[in-house]
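Shown next: target_20.tsv, given as TSV, C-alpha atoms and all ligand atoms.
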chain	number	residue	atom	x	y	z
A	1	MET	CA	1.74	11.47	-8.90
A	2	LYS	CA	3.18	9.65	-11.89
A	3	VAL	CA	6.86	9.15	-11.27
A	4	SER	CA	7.02	5.59	-12.52
A	5	ASN	CA	8.89	4.93	-15.72
A	6	PHE	CA	7.45	3.15	-18.70
A	7	GLU	CA	9.59	0.05	-18.39
A	8	ILE	CA	8.57	-0.78	-14.81
A	9	GLU	CA	4.96	0.07	-15.57
A	10	SER	CA	4.95	-2.42	-18.47
A	11	LEU	CA	6.66	-5.03	-16.33
A	12	VAL	CA	3.97	-4.70	-13.65
A	13	LYS	CA	1.08	-4.68	-16.11
A	14	ASN	CA	2.46	-7.65	-18.05
A	15	ASN	CA	2.79	-9.68	-14.86
A	16	ILE	CA	-0.57	-8.88	-13.30
A	17	ARG	CA	-3.53	-11.16	-13.85
A	18	GLU	CA	-6.87	-9.43	-14.29
A	19	VAL	CA	-9.73	-11.55	-12.97
A	20	VAL	CA	-13.11	-10.25	-14.05
A	21	ASP	CA	-16.09	-10.37	-11.71
A	22	PHE	CA	-13.95	-11.21	-8.64
A	23	PRO	CA	-14.81	-11.01	-5.76
A	24	LYS	CA	-18.13	-9.89	-7.18
A	25	ALA	CA	-19.76	-8.92	-10.46
A	26	GLY	CA	-18.42	-5.70	-12.00
A	27	ILE	CA	-15.00	-5.78	-10.28
A	28	SER	CA	-11.88	-6.40	-12.36
A	29	PHE	CA	-9.51	-7.79	-9.75
A	30	LYS	CA	-5.81	-7.04	-10.27
A	31	ASP	CA	-4.13	-10.18	-9.03
A	32	ILE	CA	-0.48	-9.49	-8.19
A	33	THR	CA	0.37	-13.09	-7.26
A	34	PRO	CA	1.96	-13.80	-10.71
A	35	LEU	CA	4.56	-11.11	-9.93
A	36	LEU	CA	5.70	-13.18	-7.01
A	37	LEU	CA	6.21	-16.32	-9.07
A	38	ASP	CA	9.15	-14.74	-10.89
A	39	PRO	CA	11.99	-13.70	-8.58
A	40	ALA	CA	13.55	-11.45	-11.26
A	41	VAL	CA	10.29	-9.56	-11.68
A	42	SER	CA	9.64	-9.18	-7.96
A	43	GLN	CA	13.25	-8.03	-7.46
A	44	ARG	CA	12.79	-5.28	-10.06
A	45	ILE	CA	9.57	-4.16	-8.40
A	46	LEU	CA	11.27	-4.10	-5.02
A	47	THR	CA	14.19	-2.12	-6.49
A	48	ALA	CA	11.78	0.47	-7.92
A	49	LEU	CA	10.10	0.84	-4.53
A	50	ILE	CA	13.49	1.17	-2.83
A	51	GLU	CA	14.60	3.87	-5.31
A	52	TYR	CA	11.46	5.85	-4.56
A	53	ALA	CA	11.60	5.43	-0.77
A	54	ARG	CA	15.33	5.83	-0.13
A	55	PRO	CA	15.53	9.66	-0.49
A	56	LEU	CA	12.48	10.21	1.74
A	57	ASN	CA	14.46	10.10	4.98
A	58	LEU	CA	12.06	7.60	6.58
A	59	ASP	CA	11.90	6.15	10.08
A	60	ALA	CA	9.55	3.24	9.26
A	61	ILE	CA	7.58	1.43	6.56
A	62	VAL	CA	3.90	0.74	7.33
A	63	GLY	CA	2.29	-2.13	5.41
A	64	ILE	CA	-1.45	-2.66	5.08
A	65	ASP	CA	-3.10	-6.08	5.71
A	66	SER	CA	-2.54	-8.25	3.81
A	67	ARG	CA	-0.95	-7.61	0.44
A	68	GLY	CA	1.08	-4.73	1.87
A	69	PHE	CA	2.96	-7.51	3.68
A	70	LEU	CA	4.37	-8.99	0.46
A	71	PHE	CA	6.86	-6.25	-0.48
A	72	GLY	CA	6.67	-4.08	2.66
A	73	PRO	CA	9.02	-6.10	4.90
A	74	SER	CA	11.61	-6.49	2.10
A	75	LEU	CA	11.46	-2.76	1.45
A	76	ALA	CA	11.95	-2.02	5.15
A	77	ARG	CA	14.86	-4.43	5.40
A	78	ALA	CA	16.57	-2.99	2.32
A	79	LEU	CA	16.41	0.47	3.88
A	80	ASP	CA	17.33	-0.82	7.34
A	81	LEU	CA	14.01	0.42	8.77
A	82	PRO	CA	11.35	-1.04	11.07
A	83	PHE	CA	8.29	-2.62	9.44
A	84	VAL	CA	4.93	-1.79	11.05
A	85	LEU	CA	1.75	-3.77	10.46
A	86	VAL	CA	-1.70	-2.24	10.02
A	87	ARG	CA	-4.11	-5.14	10.41
A	88	LYS	CA	-7.78	-5.91	10.16
A	89	LYS	CA	-9.55	-5.72	13.50
A	90	GLY	CA	-8.85	-8.50	15.97
A	91	LYS	CA	-5.53	-9.74	14.55
A	92	LEU	CA	-2.99	-7.73	16.57
A	93	PRO	CA	-2.42	-9.18	20.06
A	94	ALA	CA	-1.15	-6.24	22.14
A	95	ASN	CA	-2.56	-2.78	22.89
A	96	THR	CA	-3.99	-1.23	19.74
A	97	ILE	CA	-5.82	1.79	18.45
A	98	GLU	CA	-8.56	1.32	15.88
A	99	VAL	CA	-10.14	3.27	13.05
A	100	GLU	CA	-13.42	2.45	11.36
A	101	TYR	CA	-13.87	3.32	7.69
A	102	ASP	CA	-16.59	2.99	5.07
A	103	LEU	CA	-16.66	0.27	2.46
A	104	GLU	CA	-18.96	0.23	-0.55
A	105	TYR	CA	-21.42	-1.70	1.63
A	106	GLY	CA	-21.00	-1.32	5.39
A	107	SER	CA	-17.76	-0.59	7.21
A	108	ALA	CA	-14.49	-2.18	8.36
A	109	SER	CA	-11.89	-1.51	11.04
A	110	LEU	CA	-8.12	-1.41	10.95
A	111	GLU	CA	-5.77	-1.53	13.94
A	112	ILE	CA	-2.16	-0.73	14.76
A	113	HIS	CA	-0.11	-1.50	17.86
A	114	LYS	CA	0.12	1.60	20.07
A	115	ASP	CA	3.86	1.23	20.50
A	116	ALA	CA	4.65	0.62	16.81
A	117	ILE	CA	5.26	4.27	15.91
A	118	LYS	CA	6.78	7.03	18.01
A	119	VAL	CA	5.82	10.71	17.93
A	120	GLY	CA	7.46	12.52	15.04
A	121	GLU	CA	8.52	9.43	13.08
A	122	ARG	CA	8.29	9.76	9.29
A	123	VAL	CA	6.63	6.78	7.66
A	124	LEU	CA	5.85	5.48	4.20
A	125	ILE	CA	2.49	3.69	3.93
A	126	HIS	CA	2.51	0.80	1.46
A	127	ASP	CA	-0.15	-1.45	-0.06
A	128	ASP	CA	-0.33	-3.46	-3.28
A	129	LEU	CA	-3.11	-1.43	-4.84
A	130	LEU	CA	-4.81	1.95	-4.51
A	131	ALA	CA	-8.49	1.86	-5.43
A	132	THR	CA	-10.81	4.41	-3.74
A	133	GLY	CA	-8.16	5.26	-1.15
A	134	GLY	CA	-10.35	4.41	1.84
A	135	THR	CA	-8.00	1.75	3.23
A	136	ALA	CA	-4.86	3.87	2.87
A	137	LYS	CA	-6.62	6.90	4.33
A	138	ALA	CA	-7.73	4.89	7.39
A	139	SER	CA	-4.14	3.67	7.80
A	140	ALA	CA	-2.91	7.26	7.61
A	141	GLN	CA	-5.36	8.23	10.34
A	142	LEU	CA	-3.91	5.51	12.59
A	143	VAL	CA	-0.36	6.75	11.99
A	144	LYS	CA	-1.40	10.35	12.71
A	145	GLN	CA	-3.17	9.33	15.92
A	146	LEU	CA	0.10	7.90	17.17
A	147	GLY	CA	1.88	11.15	16.33
A	148	GLY	CA	3.61	9.87	13.20
A	149	GLU	CA	4.17	11.90	10.05
A	150	ILE	CA	3.29	10.49	6.66
A	151	ALA	CA	6.04	11.14	4.13
A	152	ALA	CA	4.33	9.35	1.24
A	153	PHE	CA	2.17	6.44	0.09
A	154	ALA	CA	3.60	3.81	-2.27
A	155	PHE	CA	1.58	1.29	-4.26
A	156	ILE	CA	2.34	-1.18	-7.00
A	157	VAL	CA	-0.93	-0.40	-8.82
A	158	ASP	CA	-3.15	2.69	-8.88
A	159	LEU	CA	-6.67	2.39	-10.30
A	160	ALA	CA	-6.49	6.11	-11.08
A	161	PHE	CA	-10.03	6.29	-12.46
A	162	LEU	CA	-11.24	5.83	-8.85
A	163	ASN	CA	-9.34	8.96	-7.73
A	164	GLY	CA	-7.80	7.39	-4.64
A	165	ALA	CA	-4.76	9.69	-4.73
A	166	GLU	CA	-7.13	12.64	-4.40
A	167	GLN	CA	-8.37	11.24	-1.06
A	168	LEU	CA	-4.82	10.89	0.19
A	169	LYS	CA	-3.29	14.17	-0.89
A	170	THR	CA	-4.24	15.96	2.33
A	171	PHE	CA	-1.84	13.52	4.05
A	172	ALA	CA	0.98	13.05	1.53
A	173	PRO	CA	1.79	12.39	-2.13
A	174	SER	CA	1.09	8.96	-3.64
A	175	PHE	CA	3.48	7.01	-5.83
A	176	SER	CA	2.53	3.99	-7.94
A	177	LEU	CA	4.51	1.80	-10.30
A	178	ALA	CA	1.62	1.13	-12.66
A	179	ILE	CA	-1.37	3.34	-13.31
A	180	TYR	CA	-4.68	2.28	-14.87
A	181	ASP	CA	-6.46	5.38	-16.20
O	1	LIG	P1	-9.49	1.04	-1.44
O	1	LIG	O1	-9.67	1.17	0.04
O	1	LIG	O2	-10.78	1.19	-2.20
O	1	LIG	O3	-8.39	1.92	-1.98
O	1	LIG	O4	-9.07	-0.47	-1.72
O	1	LIG	C1	-7.77	-0.86	-1.57
O	1	LIG	C2	-7.65	-2.24	-0.99
O	1	LIG	O5	-8.55	-3.17	-1.60
O	1	LIG	C3	-6.26	-2.78	-1.22
O	1	LIG	O6	-5.85	-3.47	-0.05
O	1	LIG	C4	-6.40	-3.71	-2.41
O	1	LIG	O7	-5.61	-4.86	-2.23
O	1	LIG	C5	-7.88	-4.07	-2.47
O	1	LIG	N1	-8.49	-3.86	-3.80
O	1	LIG	C6	-9.48	-2.98	-4.10
O	1	LIG	N2	-9.84	-3.06	-5.38
O	1	LIG	C7	-9.06	-4.02	-5.95
O	1	LIG	C8	-8.93	-4.55	-7.27
O	1	LIG	N3	-9.68	-4.13	-8.31
O	1	LIG	N4	-8.00	-5.50	-7.47
O	1	LIG	C9	-7.21	-5.94	-6.47
O	1	LIG	N5	-7.30	-5.48	-5.20
O	1	LIG	C10	-8.20	-4.53	-4.94

Represent the structure from my file as structure tokens, please.
Ligand code: AMP
Amino acid sequence: MKVSNFEIESLVKNNIREVVDFPKAGISFKDITPLLLDPAVSQRILTALIEYARPLNLDAIVGIDSRGFLFGPSLARALDLPFVLVRKKGKLPANTIEVEYDLEYGSASLEIHKDAIKVGERVLIHDDLLATGGTAKASAQLVKQLGGEIAAFAFIVDLAFLNGAEQLKTFAPSFSLAIYD
């Protein structure tokens, strides 16, 4: 769903570094680290995420390992909400549930602490970038298993030509600040 405005989209695109053939040949990696070097730029990105999330009547923000941890905690704090971590397998110390999902080659697992979300809580799932949607979908499955409701997904970048939002729409709408068609 394209609700971003042109100004913020340009700001994101102008401050992203595209690294070709990283981490392997054929991938154009969208490096968001330059956004973080400029506090004025990262503040505007955070503000745009806050404006989107505020009316959603949320109970928590869920961030995906690891670049969902860059803006996710600030977003949660701005809205006075808990921040919940979805992490790669083996990183969370207490009782977890796990979901396995397919990668282009092989599979990976994500985990969440069992006590991080309570039944009926409305959450926003956040990551830096939506590609195929596999990672966000797996995160949504974890939230659902704990009885949470997904209000929306929010990304900084959507590689829309990979149709990730399509994968997610059975759970909730997706919002992105910058879309690459
Ligand atoms: P996917 O599960 O295919 O939607 O992939 C999303 C995850 O992989 C996110 O955590 C992104 O940070 C990362 N990712 C995938 N493709 C790219 C890319 N071209 N540039 C930067 N990060 C990417």

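The binding environment of ligand LIG 1 (chain O), defined as every protein, DNA or RNA residue with an atom no more than 6 Å away and counting all atoms listed in the file, comprises A:Ile27, A:Ser28, A:Phe29, A:Lys30, A:Asp31, A:Asp128, A:Leu129, A:Leu130, A:Ala131, A:Thr132, A:Gly133, A:Gly134, A:Thr135.
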
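What separates CA of Ile45 in chain A from CA of Leu79 in chain A is a distance of 14.8 Å.
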
- Between CA of Phe6 in chain A and CA of Ile125 in chain A, what is the distance, to one decimal in Å? 23.2 Å

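From CA of Ala25 in chain A back to CA of Gly68 in chain A, the distance works out to 24.6 Å.
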
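Among the candidates A:Lys91, A:Val86, A:Ala53, A:Val99, the one nearest to Phe69 in chain A when counting all atoms listed in the file is A:Val86.
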
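With only C-alpha atoms taken into account, every residue lying no more than 10 Å from the file point (-5.7, 7.7, -5.3) is included here: A:Met1, A:Leu129, A:Leu130, A:Ala131, A:Thr132, A:Gly133, A:Gly134, A:Ala136, A:Lys137, A:Phe153, A:Phe155, A:Asp158, A:Leu159, A:Ala160, A:Phe161, A:Leu162, A:Asn163, A:Gly164, A:Ala165, A:Glu166, A:Gln167, A:Leu168, A:Lys169, A:Pro173, A:Ser174, A:Phe175, A:Ser176.
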
- May I ask which of the residues A:Ala172, A:Ile32, A:Leu110, A:Val41 is the closest one to Arg67 in chain A, counting all atoms listed in the file? A:Ile32

- Message: My list of candidates is A:Leu81, A:Val12, A:Pro55, A:Glu7. Which is closest to Tyr180 in chain A when distances are computed with all atoms listed in the file?
- Response: A:Val12
